[in-house]
Structures are given as C-alpha cells and as structure tokens.
>>> print(open('work-v8.pdb').read())   # PDB, C-alpha atoms
MODEL        1
ATOM      1  CA  MET O   1      -6.155 -19.563  -1.282
ATOM      2  CA  GLU O   2      -5.492 -21.679  -4.341
ATOM      3  CA  ASP O   3      -3.623 -24.979  -4.214
ATOM      4  CA  TYR O   4      -0.753 -23.787  -6.384
ATOM      5  CA  ILE O   5      -0.037 -21.005  -3.871
ATOM      6  CA  ILE O   6       0.043 -23.486  -0.985
ATOM      7  CA  ASN O   7       2.453 -25.625  -3.024
ATOM      8  CA  TRP O   8       4.690 -22.587  -3.631
ATOM      9  CA  VAL O   9       4.773 -21.890   0.112
ATOM     10  CA  VAL O  10       5.597 -25.488   1.100
ATOM     11  CA  ILE O  11       8.254 -25.847  -1.582
ATOM     12  CA  GLY O  12       9.556 -22.402  -0.658
ATOM     13  CA  VAL O  13      10.018 -23.254   3.039
ATOM     14  CA  LEU O  14      11.903 -26.409   2.065
ATOM     15  CA  SER O  15      13.989 -24.452  -0.472
ATOM     16  CA  TRP O  16      14.952 -21.760   2.063
ATOM     17  CA  ALA O  17      15.942 -24.461   4.564
ATOM     18  CA  ALA O  18      18.009 -26.234   1.878
ATOM     19  CA  THR O  19      19.667 -22.931   0.974
ATOM     20  CA  PHE O  20      20.597 -22.405   4.620
ATOM     21  CA  LEU O  21      22.067 -25.919   4.845
ATOM     22  CA  LEU O  22      24.072 -25.313   1.666
ATOM     23  CA  VAL O  23      25.417 -22.031   3.032
ATOM     24  CA  ARG O  24      26.089 -23.460   6.516
ATOM     25  CA  LYS O  25      27.582 -26.832   5.618
ATOM     26  CA  ILE O  26      29.292 -26.252   2.268
ATOM     27  CA  LEU O  27      29.945 -22.572   1.556
ATOM     28  CA  PHE O  28      30.743 -21.249   5.053
ATOM     29  CA  PRO O  29      31.209 -24.237   7.385
ATOM     30  CA  HIS O  30      33.290 -22.268   9.902
ATOM     31  CA  GLN O  31      30.938 -19.309  10.194
ATOM     32  CA  SER O  32      28.248 -18.867  12.830
ATOM     33  CA  PHE O  33      24.588 -19.825  12.557
ATOM     34  CA  ASP O  34      23.689 -16.125  12.551
ATOM     35  CA  PHE O  35      26.165 -15.291   9.766
ATOM     36  CA  CYS O  36      24.818 -18.066   7.536
ATOM     37  CA  ASN O  37      21.231 -17.032   8.237
ATOM     38  CA  ARG O  38      22.115 -13.439   7.272
ATOM     39  CA  ILE O  39      23.458 -14.709   3.950
ATOM     40  CA  VAL O  40      20.099 -16.396   3.328
ATOM     41  CA  SER O  41      18.342 -13.185   4.432
ATOM     42  CA  THR O  42      20.362 -11.195   1.910
ATOM     43  CA  ILE O  43      19.466 -13.674  -0.824
ATOM     44  CA  HIS O  44      15.792 -13.354   0.119
ATOM     45  CA  ALA O  45      15.906  -9.546   0.211
ATOM     46  CA  SER O  46      17.513  -9.397  -3.223
ATOM     47  CA  LEU O  47      15.089 -11.939  -4.655
ATOM     48  CA  ALA O  48      12.054 -10.237  -3.095
ATOM     49  CA  VAL O  49      12.956  -6.840  -4.533
ATOM     50  CA  ALA O  50      13.665  -8.352  -7.963
ATOM     51  CA  LEU O  51      10.446 -10.393  -8.044
ATOM     52  CA  SER O  52       8.385  -7.494  -6.727
ATOM     53  CA  SER O  53       9.832  -5.163  -9.324
ATOM     54  CA  LEU O  54       9.176  -7.660 -12.097
ATOM     55  CA  SER O  55       5.578  -8.091 -10.932
ATOM     56  CA  VAL O  56       4.680  -4.427 -11.526
ATOM     57  CA  GLN O  57       2.514  -4.412 -14.631
ATOM     58  CA  ASP O  58       2.849  -0.721 -15.538
ATOM     59  CA  TRP O  59       5.631   1.420 -14.049
ATOM     60  CA  ARG O  60       3.867   4.632 -15.078
ATOM     61  CA  CYS O  61       1.293   3.762 -12.427
ATOM     62  CA  PRO O  62       2.513   0.837 -10.273
ATOM     63  CA  VAL O  63      -0.673   0.778  -8.155
ATOM     64  CA  CYS O  64      -3.110   0.963 -11.084
ATOM     65  CA  PRO O  65      -5.754  -0.236 -11.283
ATOM     66  CA  MET O  66      -6.495   0.384  -7.627
ATOM     67  CA  ALA O  67      -8.072  -2.440  -5.636
ATOM     68  CA  SER O  68      -7.587  -4.923  -8.461
ATOM     69  CA  LYS O  69      -6.781  -8.571  -7.911
ATOM     70  CA  SER O  70      -3.119  -9.512  -7.705
ATOM     71  CA  SER O  71      -1.609 -11.063 -10.796
ATOM     72  CA  PRO O  72      -0.339 -14.664 -10.637
ATOM     73  CA  TRP O  73       3.236 -13.264 -10.678
ATOM     74  CA  GLN O  74       2.461 -11.067  -7.653
ATOM     75  CA  MET O  75       0.877 -14.025  -5.871
ATOM     76  CA  GLN O  76       3.980 -16.156  -6.454
ATOM     77  CA  THR O  77       6.189 -13.330  -5.208
ATOM     78  CA  MET O  78       4.166 -13.105  -1.994
ATOM     79  CA  ALA O  79       4.249 -16.899  -1.625
ATOM     80  CA  VAL O  80       8.067 -16.918  -1.894
ATOM     81  CA  SER O  81       8.317 -14.233   0.798
ATOM     82  CA  LEU O  82       5.741 -15.956   3.017
ATOM     83  CA  ALA O  83       7.814 -19.130   2.768
ATOM     84  CA  TYR O  84      10.928 -17.199   3.748
ATOM     85  CA  MET O  85       9.196 -15.653   6.777
ATOM     86  CA  ILE O  86       8.063 -19.087   7.962
ATOM     87  CA  TYR O  87      11.605 -20.446   7.490
ATOM     88  CA  ASP O  88      13.176 -17.465   9.281
ATOM     89  CA  LEU O  89      10.723 -17.668  12.183
ATOM     90  CA  GLY O  90      11.832 -21.284  12.610
ATOM     91  CA  CYS O  91      15.488 -20.210  12.507
ATOM     92  CA  GLY O  92      14.764 -17.661  15.231
ATOM     93  CA  LEU O  93      13.703 -20.493  17.508
ATOM     94  CA  PHE O  94      17.111 -22.181  17.068
ATOM     95  CA  GLU O  95      19.231 -19.103  17.754
ATOM     96  CA  LYS O  96      21.104 -18.950  21.042
ATOM     97  CA  GLN O  97      19.304 -15.785  22.073
ATOM     98  CA  PHE O  98      15.533 -15.686  21.466
ATOM     99  CA  LYS O  99      14.424 -12.265  20.251
ATOM    100  CA  ILE O 100      10.769 -11.452  20.902
ATOM    101  CA  ASP O 101      10.738  -8.392  18.615
ATOM    102  CA  ASN O 102      12.063 -10.481  15.737
ATOM    103  CA  SER O 103       9.412 -13.147  16.348
ATOM    104  CA  ILE O 104       6.630 -10.538  16.430
ATOM    105  CA  HIS O 105       7.972  -9.046  13.179
ATOM    106  CA  HIS O 106       7.848 -12.485  11.532
ATOM    107  CA  LEU O 107       4.376 -13.314  12.829
ATOM    108  CA  VAL O 108       2.958  -9.980  11.638
ATOM    109  CA  SER O 109       4.633 -10.453   8.250
ATOM    110  CA  ILE O 110       3.261 -13.990   7.957
ATOM    111  CA  ILE O 111      -0.241 -12.721   8.719
ATOM    112  CA  GLY O 112       0.238  -9.875   6.215
ATOM    113  CA  PHE O 113       1.424 -12.173   3.449
ATOM    114  CA  GLY O 114      -1.358 -14.635   4.240
ATOM    115  CA  ALA O 115      -3.942 -11.849   4.030
ATOM    116  CA  GLY O 116      -2.379 -10.632   0.786
ATOM    117  CA  LEU O 117      -2.599 -14.114  -0.687
ATOM    118  CA  ALA O 118      -6.145 -14.656   0.567
ATOM    119  CA  TYR O 119      -7.564 -11.258  -0.446
ATOM    120  CA  GLU O 120      -5.268 -10.247  -3.332
ATOM    121  CA  LYS O 121      -5.858  -6.328  -2.960
ATOM    122  CA  ALA O 122      -3.436  -3.462  -2.541
ATOM    123  CA  MET O 123      -1.439  -5.835  -0.324
ATOM    124  CA  ALA O 124       1.113  -6.471  -3.095
ATOM    125  CA  LEU O 125       2.199  -2.823  -3.254
ATOM    126  CA  GLY O 126       2.538  -2.589   0.521
ATOM    127  CA  LEU O 127       4.599  -5.763   0.590
ATOM    128  CA  GLN O 128       6.790  -4.468  -2.231
ATOM    129  CA  LEU O 129       7.542  -1.341  -0.224
ATOM    130  CA  VAL O 130       8.296  -3.417   2.883
ATOM    131  CA  SER O 131      10.617  -5.626   0.808
ATOM    132  CA  ALA O 132      12.483  -2.612  -0.539
ATOM    133  CA  PHE O 133      12.841  -1.203   2.997
ATOM    134  CA  TRP O 134      14.271  -4.449   4.403
ATOM    135  CA  PHE O 135      16.577  -4.835   1.394
ATOM    136  CA  TYR O 136      17.954  -1.366   2.149
ATOM    137  CA  LYS O 137      18.462  -2.203   5.847
ATOM    138  CA  ILE O 138      20.175  -5.514   5.089
ATOM    139  CA  ALA O 139      22.387  -4.011   2.374
ATOM    140  CA  ARG O 140      23.386  -1.226   4.789
ATOM    141  CA  MET O 141      24.236  -3.794   7.470
ATOM    142  CA  VAL O 142      26.315  -5.863   5.017
ATOM    143  CA  LYS O 143      28.184  -2.718   3.908
ATOM    144  CA  TYR O 144      28.868  -1.827   7.562
ATOM    145  CA  LYS O 145      30.113  -5.334   8.377
ATOM    146  CA  LEU O 146      32.375  -5.450   5.331
ATOM    147  CA  ALA O 147      33.812  -2.001   6.094
ATOM    148  CA  LYS O 148      34.371  -2.999   9.728
ATOM    149  CA  ARG O 149      36.089  -6.214   8.647
ATOM    150  CA  THR O 150      38.381  -4.336   6.245
ATOM    151  CA  THR O 151      39.273  -1.794   8.915
ATOM    152  CA  SER O 152      40.123  -4.487  11.477
ATOM    153  CA  LYS O 153      42.356  -6.276   8.929
ATOM    154  CA  GLU O 154      44.182  -3.026   8.188
ATOM    155  CA  LEU O 155      44.713  -2.423  11.916
ATOM    156  CA  ALA O 156      46.083  -5.926  12.350
ATOM    157  CA  LYS O 157      48.560  -5.400   9.493
ATOM    158  CA  ALA O 158      49.678  -2.074  10.968
ATOM    159  CA  GLU O 159      50.550  -3.712  14.303
TER     160      GLU O 159
ENDMDL
END
>>> encode(input="work-v8.pdb", output="structure tokens")
Amino acid sequence: MEDYIINWVVIGVLSWAATFLLVRKILFPHQSFDFCNRIVSTIHASLAVALSSLSVQDWRCPVCPMASKSSPWQMQTMAVSLAYMIYDLGCGLFEKQFKIDNSIHHLVSIIGFGAGLAYEKAMALGLQLVSAFWFYKIARMVKYKLAKRTTSKELAKAE
C-alpha cells in the first residue's frame, strides 16, 4: 500500500471523528450519541456513493477492463470508506450496548477495504455495490424515522 493511501486513511479517521464532534457538540447537542453517529453515517453513505459513482471510468462498461488496477480516484474512495469503517468501529465500542454483529460487519469491511487497497482488483466494483446497498438501507431508515416523527407530532396536536 502506498504512503499517500495510508495518509488518506489517517486523515480520514481524524476527519470522521471531527465531523462527529461537530454534529454532537454544535449541530445537535441535545441529541443522543446514536442519533449523531447516524448523521455521520448518512454523510458517509452519501459521500461513498458519490465518490464511487465518480470513480467509474466508463459507464457503458463500469467493470471494464476486468481485473485491471484501480485508478487513483478509486483508491482514494476506498481509503475514505476504510477510514469511516475504522472510525465507526471505534464508535461502536463507546455505545451503551455493544453489538457483536455490527463489530463483525465493520471488521469484515475493514479487511475488504484493506485487501482492495493492497491488491487493487475487482474490489472497487464490489465495494461500490456494497456502498450503494448501505446507502439505500440508511436512506430508508431515515425516511422511516422522519415519517414516524411527523406522525407522532400530528398525534400530539390532535390530543
């Protein structure tokens, strides 16, 4: 792994932690740890999908040429997501309720991103698909929470 990738990961972990502190202390000081971490997760999901989409060199054949080395843009995208996974694994250790399935998910993702950065093959496409999947799940959860919040406010007004 090249030095610039390691730098991206270190700076990325610090940046994700700083983003969390900004969200927790300044933007939403009265919200829970979990809520603030979900905001950071949503930012990461959006950023990961955008960066992954921008890293596709030819949309007519996003996986062409097969088994080619990842571009520098793809490597930086994976480094940003690796940094996020490291940050989020650390956050999981500070939550009130430790979740083993979440920790396993993060460890497997960290290994996957590390392998993608070390070997540079088809890993970028797989990680792009994983990013799109998690973006969908997070967006669906945010939509559910917002709808639930609106419904509870309407019920409170009715009473």
>>> residues_around(input="work-v8.pdb", residues="Ser46 (chain O)", least_positions_apart="3", cutoff="10 Å", atoms="all atoms listed in the file", output="list in words")
Val40, Ser41, Thr42, Ile43, Val49, Ala50, Leu51, Ser52, Ser131, Ala132, Trp134, Phe135, Tyr136, Ile138 and Ala139 of chain O
>>> resolve_selection(input="work-v8.pdb", expression="the PyMOL selection byres ((chain O and resi 15-25) around 12)", output="PyMOL selection string")
chain O and resi 7-14+26-44+47+80-91
>>> atom_distance(input="work-v8.pdb", atom1="CA of Leu107 (chain O)", atom2="CA of Ala79 (chain O)")
14.9 Å
>>> atom_distance(input="work-v8.pdb", atom1="CA of Leu54 (chain O)", atom2="CA of Gln76 (chain O)")
11.4 Å
>>> axis_aligned_box(input="work-v8.pdb", around="region 80-85 of chain O", padding_each_side="8 Å", output="JSON")
{"center_x": 8.3, "center_y": -16.7, "center_z": 2.4, "size_x": 21.2, "size_y": 20.9, "size_z": 24.7}
>>> atom_distance(input="work-v8.pdb", atom1="CA of Ile104 (chain O)", atom2="CA of Ser68 (chain O)")
29.2 Å
>>> residues_around(input="work-v8.pdb", residues="region 55-60 of chain O", least_positions_apart="2", cutoff="8 Å", atoms="all atoms listed in the file", output="VMD selection string")
chain O and resid 51 to 53 62 64 71 73 to 74 77
>>> closest_residue(input="work-v8.pdb", among="O:Ile100, O:Ala115, O:Leu93, O:Val108", to="Met1 (chain O)", atoms="only C-alpha atoms")
O:Ala115
>>> closest_residue(input="work-v8.pdb", among="O:Ser109, O:Glu2, O:Gly92, O:Lys137", to="Ala45 (chain O)", atoms="all atoms listed in the file")
O:Lys137
>>> decode(input="work-v8.pdb", residues="region 37-52 of chain O", atoms="all heavy atoms", output="PDB file, in the first residue's frame")
ATOM      1  N   ASN O  37     -24.262   9.788  15.556  1.00  0.00           N
ATOM      2  CA  ASN O  37     -23.469   8.843  14.766  1.00  0.00           C
ATOM      3  C   ASN O  37     -24.212   8.460  13.483  1.00  0.00           C
ATOM      4  O   ASN O  37     -23.595   8.255  12.443  1.00  0.00           O
ATOM      5  CB  ASN O  37     -23.122   7.605  15.581  1.00  0.00           C
ATOM      6  CG  ASN O  37     -22.039   6.783  14.921  1.00  0.00           C
ATOM      7  OD1 ASN O  37     -21.100   7.322  14.338  1.00  0.00           O
ATOM      8  ND2 ASN O  37     -22.170   5.479  15.008  1.00  0.00           N
ATOM      9  N   ARG O  38     -25.531   8.389  13.541  1.00  0.00           N
ATOM     10  CA  ARG O  38     -26.315   8.087  12.328  1.00  0.00           C
ATOM     11  C   ARG O  38     -26.246   9.230  11.322  1.00  0.00           C
ATOM     12  O   ARG O  38     -26.264   9.003  10.114  1.00  0.00           O
ATOM     13  CB  ARG O  38     -27.760   7.768  12.688  1.00  0.00           C
ATOM     14  CG  ARG O  38     -27.898   6.398  13.311  1.00  0.00           C
ATOM     15  CD  ARG O  38     -29.325   6.140  13.725  1.00  0.00           C
ATOM     16  NE  ARG O  38     -29.413   4.939  14.531  1.00  0.00           N
ATOM     17  CZ  ARG O  38     -29.942   3.801  14.105  1.00  0.00           C
ATOM     18  NH1 ARG O  38     -30.402   3.715  12.884  1.00  0.00           N
ATOM     19  NH2 ARG O  38     -29.992   2.757  14.894  1.00  0.00           N
ATOM     20  N   ILE O  39     -26.150  10.446  11.811  1.00  0.00           N
ATOM     21  CA  ILE O  39     -25.970  11.596  10.907  1.00  0.00           C
ATOM     22  C   ILE O  39     -24.643  11.439  10.157  1.00  0.00           C
ATOM     23  O   ILE O  39     -24.579  11.602   8.938  1.00  0.00           O
ATOM     24  CB  ILE O  39     -26.000  12.930  11.685  1.00  0.00           C
ATOM     25  CG1 ILE O  39     -27.365  13.165  12.322  1.00  0.00           C
ATOM     26  CG2 ILE O  39     -25.580  14.098  10.791  1.00  0.00           C
ATOM     27  CD1 ILE O  39     -28.481  13.437  11.341  1.00  0.00           C
ATOM     28  N   VAL O  40     -23.588  11.096  10.904  1.00  0.00           N
ATOM     29  CA  VAL O  40     -22.280  10.891  10.274  1.00  0.00           C
ATOM     30  C   VAL O  40     -22.349   9.706   9.307  1.00  0.00           C
ATOM     31  O   VAL O  40     -21.777   9.754   8.212  1.00  0.00           O
ATOM     32  CB  VAL O  40     -21.172  10.698  11.334  1.00  0.00           C
ATOM     33  CG1 VAL O  40     -19.821  10.401  10.692  1.00  0.00           C
ATOM     34  CG2 VAL O  40     -21.065  11.936  12.222  1.00  0.00           C
ATOM     35  N   SER O  41     -23.066   8.655   9.672  1.00  0.00           N
ATOM     36  CA  SER O  41     -23.238   7.502   8.786  1.00  0.00           C
ATOM     37  C   SER O  41     -23.933   7.890   7.488  1.00  0.00           C
ATOM     38  O   SER O  41     -23.556   7.427   6.409  1.00  0.00           O
ATOM     39  CB  SER O  41     -24.067   6.407   9.471  1.00  0.00           C
ATOM     40  OG  SER O  41     -23.392   5.913  10.584  1.00  0.00           O
ATOM     41  N   THR O  42     -24.922   8.747   7.590  1.00  0.00           N
ATOM     42  CA  THR O  42     -25.643   9.213   6.400  1.00  0.00           C
ATOM     43  C   THR O  42     -24.723  10.053   5.515  1.00  0.00           C
ATOM     44  O   THR O  42     -24.745   9.925   4.287  1.00  0.00           O
ATOM     45  CB  THR O  42     -26.888  10.013   6.809  1.00  0.00           C
ATOM     46  OG1 THR O  42     -27.709   9.184   7.641  1.00  0.00           O
ATOM     47  CG2 THR O  42     -27.685  10.461   5.604  1.00  0.00           C
ATOM     48  N   ILE O  43     -23.913  10.886   6.138  1.00  0.00           N
ATOM     49  CA  ILE O  43     -22.938  11.675   5.375  1.00  0.00           C
ATOM     50  C   ILE O  43     -21.977  10.735   4.653  1.00  0.00           C
ATOM     51  O   ILE O  43     -21.688  10.913   3.466  1.00  0.00           O
ATOM     52  CB  ILE O  43     -22.174  12.652   6.300  1.00  0.00           C
ATOM     53  CG1 ILE O  43     -23.119  13.721   6.849  1.00  0.00           C
ATOM     54  CG2 ILE O  43     -20.993  13.292   5.565  1.00  0.00           C
ATOM     55  CD1 ILE O  43     -22.536  14.543   7.979  1.00  0.00           C
ATOM     56  N   HIS O  44     -21.482   9.722   5.371  1.00  0.00           N
ATOM     57  CA  HIS O  44     -20.564   8.769   4.738  1.00  0.00           C
ATOM     58  C   HIS O  44     -21.229   8.025   3.587  1.00  0.00           C
ATOM     59  O   HIS O  44     -20.645   7.875   2.521  1.00  0.00           O
ATOM     60  CB  HIS O  44     -20.027   7.744   5.737  1.00  0.00           C
ATOM     61  CG  HIS O  44     -19.345   6.615   5.043  1.00  0.00           C
ATOM     62  ND1 HIS O  44     -19.942   5.392   4.857  1.00  0.00           N
ATOM     63  CD2 HIS O  44     -18.147   6.544   4.424  1.00  0.00           C
ATOM     64  CE1 HIS O  44     -19.125   4.611   4.162  1.00  0.00           C
ATOM     65  NE2 HIS O  44     -18.036   5.292   3.889  1.00  0.00           N
ATOM     66  N   ALA O  45     -22.460   7.548   3.802  1.00  0.00           N
ATOM     67  CA  ALA O  45     -23.143   6.793   2.746  1.00  0.00           C
ATOM     68  C   ALA O  45     -23.310   7.648   1.493  1.00  0.00           C
ATOM     69  O   ALA O  45     -23.052   7.194   0.377  1.00  0.00           O
ATOM     70  CB  ALA O  45     -24.494   6.295   3.247  1.00  0.00           C
ATOM     71  N   SER O  46     -23.724   8.880   1.682  1.00  0.00           N
ATOM     72  CA  SER O  46     -23.900   9.787   0.540  1.00  0.00           C
ATOM     73  C   SER O  46     -22.575  10.049  -0.162  1.00  0.00           C
ATOM     74  O   SER O  46     -22.483  10.003  -1.394  1.00  0.00           O
ATOM     75  CB  SER O  46     -24.496  11.115   1.001  1.00  0.00           C
ATOM     76  OG  SER O  46     -25.727  10.903   1.639  1.00  0.00           O
ATOM     77  N   LEU O  47     -21.549  10.313   0.618  1.00  0.00           N
ATOM     78  CA  LEU O  47     -20.222  10.578   0.059  1.00  0.00           C
ATOM     79  C   LEU O  47     -19.663   9.348  -0.652  1.00  0.00           C
ATOM     80  O   LEU O  47     -19.097   9.455  -1.743  1.00  0.00           O
ATOM     81  CB  LEU O  47     -19.269  11.040   1.169  1.00  0.00           C
ATOM     82  CG  LEU O  47     -17.855  11.425   0.730  1.00  0.00           C
ATOM     83  CD1 LEU O  47     -17.895  12.644  -0.187  1.00  0.00           C
ATOM     84  CD2 LEU O  47     -16.999  11.710   1.962  1.00  0.00           C
ATOM     85  N   ALA O  48     -19.847   8.176  -0.058  1.00  0.00           N
ATOM     86  CA  ALA O  48     -19.318   6.944  -0.660  1.00  0.00           C
ATOM     87  C   ALA O  48     -19.975   6.655  -2.004  1.00  0.00           C
ATOM     88  O   ALA O  48     -19.301   6.286  -2.972  1.00  0.00           O
ATOM     89  CB  ALA O  48     -19.512   5.766   0.296  1.00  0.00           C
ATOM     90  N   VAL O  49     -21.281   6.826  -2.080  1.00  0.00           N
ATOM     91  CA  VAL O  49     -21.977   6.593  -3.348  1.00  0.00           C
ATOM     92  C   VAL O  49     -21.526   7.616  -4.388  1.00  0.00           C
ATOM     93  O   VAL O  49     -21.259   7.266  -5.542  1.00  0.00           O
ATOM     94  CB  VAL O  49     -23.510   6.624  -3.159  1.00  0.00           C
ATOM     95  CG1 VAL O  49     -24.231   6.653  -4.503  1.00  0.00           C
ATOM     96  CG2 VAL O  49     -23.954   5.415  -2.349  1.00  0.00           C
ATOM     97  N   ALA O  50     -21.414   8.884  -3.978  1.00  0.00           N
ATOM     98  CA  ALA O  50     -20.986   9.924  -4.924  1.00  0.00           C
ATOM     99  C   ALA O  50     -19.562   9.665  -5.420  1.00  0.00           C
ATOM    100  O   ALA O  50     -19.309   9.693  -6.633  1.00  0.00           O
ATOM    101  CB  ALA O  50     -21.079  11.299  -4.262  1.00  0.00           C
ATOM    102  N   LEU O  51     -18.640   9.391  -4.500  1.00  0.00           N
ATOM    103  CA  LEU O  51     -17.253   9.150  -4.900  1.00  0.00           C
ATOM    104  C   LEU O  51     -17.121   7.889  -5.751  1.00  0.00           C
ATOM    105  O   LEU O  51     -16.376   7.871  -6.730  1.00  0.00           O
ATOM    106  CB  LEU O  51     -16.347   9.044  -3.666  1.00  0.00           C
ATOM    107  CG  LEU O  51     -16.133  10.326  -2.871  1.00  0.00           C
ATOM    108  CD1 LEU O  51     -15.328  10.043  -1.610  1.00  0.00           C
ATOM    109  CD2 LEU O  51     -15.452  11.388  -3.715  1.00  0.00           C
ATOM    110  N   SER O  52     -17.857   6.851  -5.372  1.00  0.00           N
ATOM    111  CA  SER O  52     -17.815   5.613  -6.151  1.00  0.00           C
ATOM    112  C   SER O  52     -18.351   5.836  -7.559  1.00  0.00           C
ATOM    113  O   SER O  52     -17.785   5.345  -8.532  1.00  0.00           O
ATOM    114  CB  SER O  52     -18.636   4.518  -5.467  1.00  0.00           C
ATOM    115  OG  SER O  52     -18.063   4.181  -4.235  1.00  0.00           O
TER     116      SER O  52
END
